[in-house]
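**Student:** Below is one structure. I have some questions about it.
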Amino acid sequence: MSLLNIFGANLAIDLGTANTLVYKEKEGIIINEASAVAFDTRTAEVVAIGNAAYDMYGKSPENVMILRPLENGKISNFEVTKILFKYCIDKAIEGFTLFQPKVVITAPSGISDIELRALEDACTYSGARDVYIVESTLASAIGSDIDISKKEGRLIVDFGAGSTEISIISMNGIVISKNIKYGGDYVDQEIIDYIYDKHSLIIGKTTAKEAKESIGAIGDITTFSEKEISGRDVMTGMPLSIIINSSDIIEAINDTYKSILDGIRYVLEKNPPELSKDILKNGIFITGGGSRLKNLDIYLEKELGLKLVKSKNPFSDAINGAGTIVTNLEEYKKIGK
């Protein structure tokens, strides 16, 4: 057996509301699966984990319950978190290793000390030797090749599935941040409610998400796309398909993005004056899956009067940053929680 197998490889885990990604030292991203665990409520047994569990949404019998470890960007179920961590670590480190891996985990900037300790315990229980927790905003910045050590303010908005995190970073730390509950999941629910109210059609979360991603937009657009969606008619209870267009999505989510704008303005107002010049120069960096919404950058530029920089890899910024950290632990140890 080689020394590499004996000592194993260190890992980075980006535990997201929608997806969990794992980065293995010297290999890169090796796991990208849904943050979901399916249980049989009659036996309390785990039925499926990850993508297999997510695929059961809306299709499983009543006795199968699908749970997520995070809600609104915060850890809501530590038992599910432990199961998901163990699944990821076991899948990443196959075979025998003499020493368990060191693990870097991303976490929301507003995580409490109690949540922090519980997250460490969950990861240690799952097979980690040492656990280092880093704020997801800092990990995203590192993953985007932003030098977080500079004495320079950078405004980062991370549009996640569970929440939207708005932070100003400088000198290896977060100067001010605000976590808003309006993430991709909330936006999907707004679309579900809107379709119900306007078209008397009940649709599922997967349908809402697909509509958002294919024809969704925000702000003033000149080209409108259409999409056929299917659901259950409220009046008859029968299956029904209708055609919606981009204007439906804009109307459904407009108030949500106004609230996100208010959150960004709040952070800018609380920003130390010495960093305001940096924000004017660097603009706003947006990342996370939600940052791909059509016209979002133009909408924010118009409303805030600041230039926008879109991430080239919004889904993987955080895990790539955490991977950089786990590969260079001595250099980055000080930025951990």
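How things are named: the first chain in the structure tokens is A, the next is B, and so on; residues count from 1 in each chain; ligands count from 1 in the order shown.
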Contacts between segment 156-171 of chain A and segment 13-97 of chain A, please, where a residue of segment 13-97 of chain A counts if it comes within 7 Å (with only C-alpha atoms); show its shortest atom pair and distance in Å to one decimal, rows by chain and ascending number, as a tab-separated table.
**Tutor:**
residue	atom	partner	partner_atom	distance
A:Thr17	CA	A:Gly162	CA	5.4
A:Ala18	CA	A:Ala161	CA	5.8
A:Glu71	CA	A:Gly162	CA	5.9
A:Asn72	CA	A:Gly162	CA	4.0
A:Gly73	CA	A:Gly162	CA	4.4
**Student:** Fewer than 4 positions away in the same chain doesn't count, so skip those; otherwise give me all residues within 8 Å of Thr327 of chain A, counting only C-alpha atoms, as an NGL selection string.
**Tutor:** :A and (10 or 25-26 or 323)
**Student:** Using the selection just defined, write its residues with N, CA and C atoms as a CSV table (one decimal), in the first residue's frame.
**Tutor:**
chain,number,residue,atom,x,y,z
A,10,ASN,N,-6.6,15.5,2.1
A,10,ASN,CA,-7.5,16.4,2.8
A,10,ASN,C,-8.6,16.9,1.8
A,25,GLU,N,-8.0,17.2,-2.3
A,25,GLU,CA,-6.6,17.7,-2.5
A,25,GLU,C,-5.9,17.0,-3.6
A,26,LYS,N,-5.4,17.7,-4.6
A,26,LYS,CA,-4.6,17.2,-5.7
A,26,LYS,C,-5.5,16.7,-6.8
A,323,GLY,N,-11.1,24.7,-1.6
A,323,GLY,CA,-10.0,23.8,-2.0
A,323,GLY,C,-8.7,24.4,-2.0
**Student:** Can you pull out every residue within 12 Å of segment 228-241 of chain A, counting only C-alpha atoms, but drop anything in the same chain fewer than 4 positions away, and send it as a list of chain:residue names?
**Tutor:**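 Using only C-alpha atoms, the neighbours found are A:Gly58, A:Ile191, A:Ile192, A:Ile195, A:Tyr196, A:Asp197, A:Lys198, A:His199, A:Ser200, A:Leu201, A:Ile202, A:Ile203, A:Gly204, A:Lys205, A:Thr206, A:Thr207, A:Ala208, A:Lys209, A:Glu210, A:Ala211, A:Lys212, A:Ser214, A:Ile215, A:Asn245, A:Ser246.
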**Student:** Report as a ChimeraX atom specification: the residues of segment 27-104 of chain A with a DSSP assignment of helix (DSSP H, G or I), based on the backbone of this structure.
**Tutor:** /A:51-54,78-92
**Student:** Those residues with C-alpha atoms, as a PDB file, in the first residue's frame please?
**Tutor:**
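Once written, again-v8.pdb looks like this:
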ATOM      1  CA  ASN A  51     -29.064  13.235  -6.061  1.00  0.00           C
ATOM      2  CA  ALA A  52     -30.941   9.990  -5.524  1.00  0.00           C
ATOM      3  CA  ALA A  53     -32.887  11.603  -2.669  1.00  0.00           C
ATOM      4  CA  TYR A  54     -33.539  14.817  -4.598  1.00  0.00           C
ATOM      5  CA  PHE A  78     -27.770  18.401  12.374  1.00  0.00           C
ATOM      6  CA  GLU A  79     -28.658  14.720  12.058  1.00  0.00           C
ATOM      7  CA  VAL A  80     -29.128  15.173   8.322  1.00  0.00           C
ATOM      8  CA  THR A  81     -25.893  17.185   8.232  1.00  0.00           C
ATOM      9  CA  LYS A  82     -23.986  14.319   9.869  1.00  0.00           C
ATOM     10  CA  ILE A  83     -25.414  11.779   7.429  1.00  0.00           C
ATOM     11  CA  LEU A  84     -24.526  13.956   4.444  1.00  0.00           C
ATOM     12  CA  PHE A  85     -20.998  14.647   5.728  1.00  0.00           C
ATOM     13  CA  LYS A  86     -20.345  10.949   6.333  1.00  0.00           C
ATOM     14  CA  TYR A  87     -21.658  10.073   2.887  1.00  0.00           C
ATOM     15  CA  CYS A  88     -19.376  12.650   1.249  1.00  0.00           C
ATOM     16  CA  ILE A  89     -16.263  11.750   3.238  1.00  0.00           C
ATOM     17  CA  ASP A  90     -16.728   7.998   2.739  1.00  0.00           C
ATOM     18  CA  LYS A  91     -17.253   8.522  -0.994  1.00  0.00           C
ATOM     19  CA  ALA A  92     -14.227  10.828  -1.285  1.00  0.00           C
TER      20      ALA A  92
END
**Student:** Go through A:Gly216, A:Ala252, A:Ile242, A:Ser177 one by one, measure the shortest atom-to-atom distance of each to Gln189 of chain A using only C-alpha atoms, and give the residue with the smallest value.
**Tutor:**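 So, comparing all the options, the nearest one is A:Ala252.
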**Student:** Quick one: which segment 284-322 of chain A residues come within 10 Å of segment 131-138 of chain A, and what is the nearest atom pair for each with the distance in Å to one decimal, counting only C-alpha atoms, rows ordered by chain and ascending number, as a tab-separated table?
**Tutor:**
residue	atom	partner	partner_atom	distance
A:Thr287	CA	A:Thr137	CA	9.4
A:Asp317	CA	A:Ser136	CA	9.3
A:Ala318	CA	A:Ser136	CA	6.0
A:Ile319	CA	A:Ser136	CA	8.7
A:Gly321	CA	A:Leu138	CA	7.8
A:Ala322	CA	A:Val134	CA	7.7
**Student:** Go ahead and write the selection's residues with N, CA, C and O atoms as a PDB file, in the first residue's frame.
**Tutor:**
ATOM      1  N   THR A 287     -21.909  36.395  -7.292  1.00  0.00           N
ATOM      2  CA  THR A 287     -21.610  34.982  -7.482  1.00  0.00           C
ATOM      3  C   THR A 287     -22.785  34.163  -6.966  1.00  0.00           C
ATOM      4  O   THR A 287     -23.807  34.703  -6.539  1.00  0.00           O
ATOM      5  N   ASP A 317     -17.309  28.809  -7.186  1.00  0.00           N
ATOM      6  CA  ASP A 317     -16.386  29.750  -6.537  1.00  0.00           C
ATOM      7  C   ASP A 317     -16.068  29.327  -5.102  1.00  0.00           C
ATOM      8  O   ASP A 317     -14.900  29.294  -4.692  1.00  0.00           O
ATOM      9  N   ALA A 318     -17.105  29.032  -4.329  1.00  0.00           N
ATOM     10  CA  ALA A 318     -16.907  28.727  -2.905  1.00  0.00           C
ATOM     11  C   ALA A 318     -16.094  27.449  -2.710  1.00  0.00           C
ATOM     12  O   ALA A 318     -15.171  27.412  -1.892  1.00  0.00           O
ATOM     13  N   ILE A 319     -16.421  26.389  -3.455  1.00  0.00           N
ATOM     14  CA  ILE A 319     -15.696  25.133  -3.260  1.00  0.00           C
ATOM     15  C   ILE A 319     -14.270  25.241  -3.789  1.00  0.00           C
ATOM     16  O   ILE A 319     -13.337  24.682  -3.195  1.00  0.00           O
ATOM     17  N   GLY A 321     -12.492  27.966  -3.735  1.00  0.00           N
ATOM     18  CA  GLY A 321     -11.795  28.729  -2.700  1.00  0.00           C
ATOM     19  C   GLY A 321     -11.467  27.879  -1.491  1.00  0.00           C
ATOM     20  O   GLY A 321     -10.353  27.928  -0.953  1.00  0.00           O
ATOM     21  N   ALA A 322     -12.432  27.057  -1.067  1.00  0.00           N
ATOM     22  CA  ALA A 322     -12.187  26.148   0.057  1.00  0.00           C
ATOM     23  C   ALA A 322     -11.112  25.133  -0.298  1.00  0.00           C
ATOM     24  O   ALA A 322     -10.297  24.748   0.549  1.00  0.00           O
TER      25      ALA A 322
END
**Student:** In terms of the shortest atom-to-atom distance over only C-alpha atoms, which of A:Gly110, A:Gly173, A:Pro272, A:Gly50 is closest to Ile335 of chain A?
**Tutor:**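 Using only C-alpha atoms, the shortest distance to Ile335 of chain A belongs to A:Gly173.
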**Student:** Do a neighbour search on Asp14 of chain A at 6 Å with only C-alpha atoms, toss out local chain neighbours closer than 6 positions, and write the hits as a list of chain:residue names.
**Tutor:**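 Contacts, with the query itself left out: A:Thr20, A:Leu21, A:Ile105, A:Thr106, A:Ile319.
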**Student:** Using DSSP secondary structure from the backbone, list all strand (DSSP E or B) positions within segment 10-171 of chain A, as a PyMOL selection string.
**Tutor:** chain A and resi 11-15+19-24+28-34+37-40+45-49+64-67+70-71+74-75+102-107+130-135+154-159+164-170
**Student:** Could you tell me which of A:Lys333, A:Lys312, A:Lys277, A:Arg42 comes closest to Val64 of chain A if we count only C-alpha atoms?
**Tutor:**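 Answer, going by the shortest atom-to-atom distance: A:Arg42.
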**Student:** Near Ser276 of chain A, counting only C-alpha atoms, which residues have an atom at most 10 Å away, once you skip same-chain residues fewer than 6 positions from it, shown as a ChimeraX atom specification?
**Tutor:** /A:152-155,268-269,282
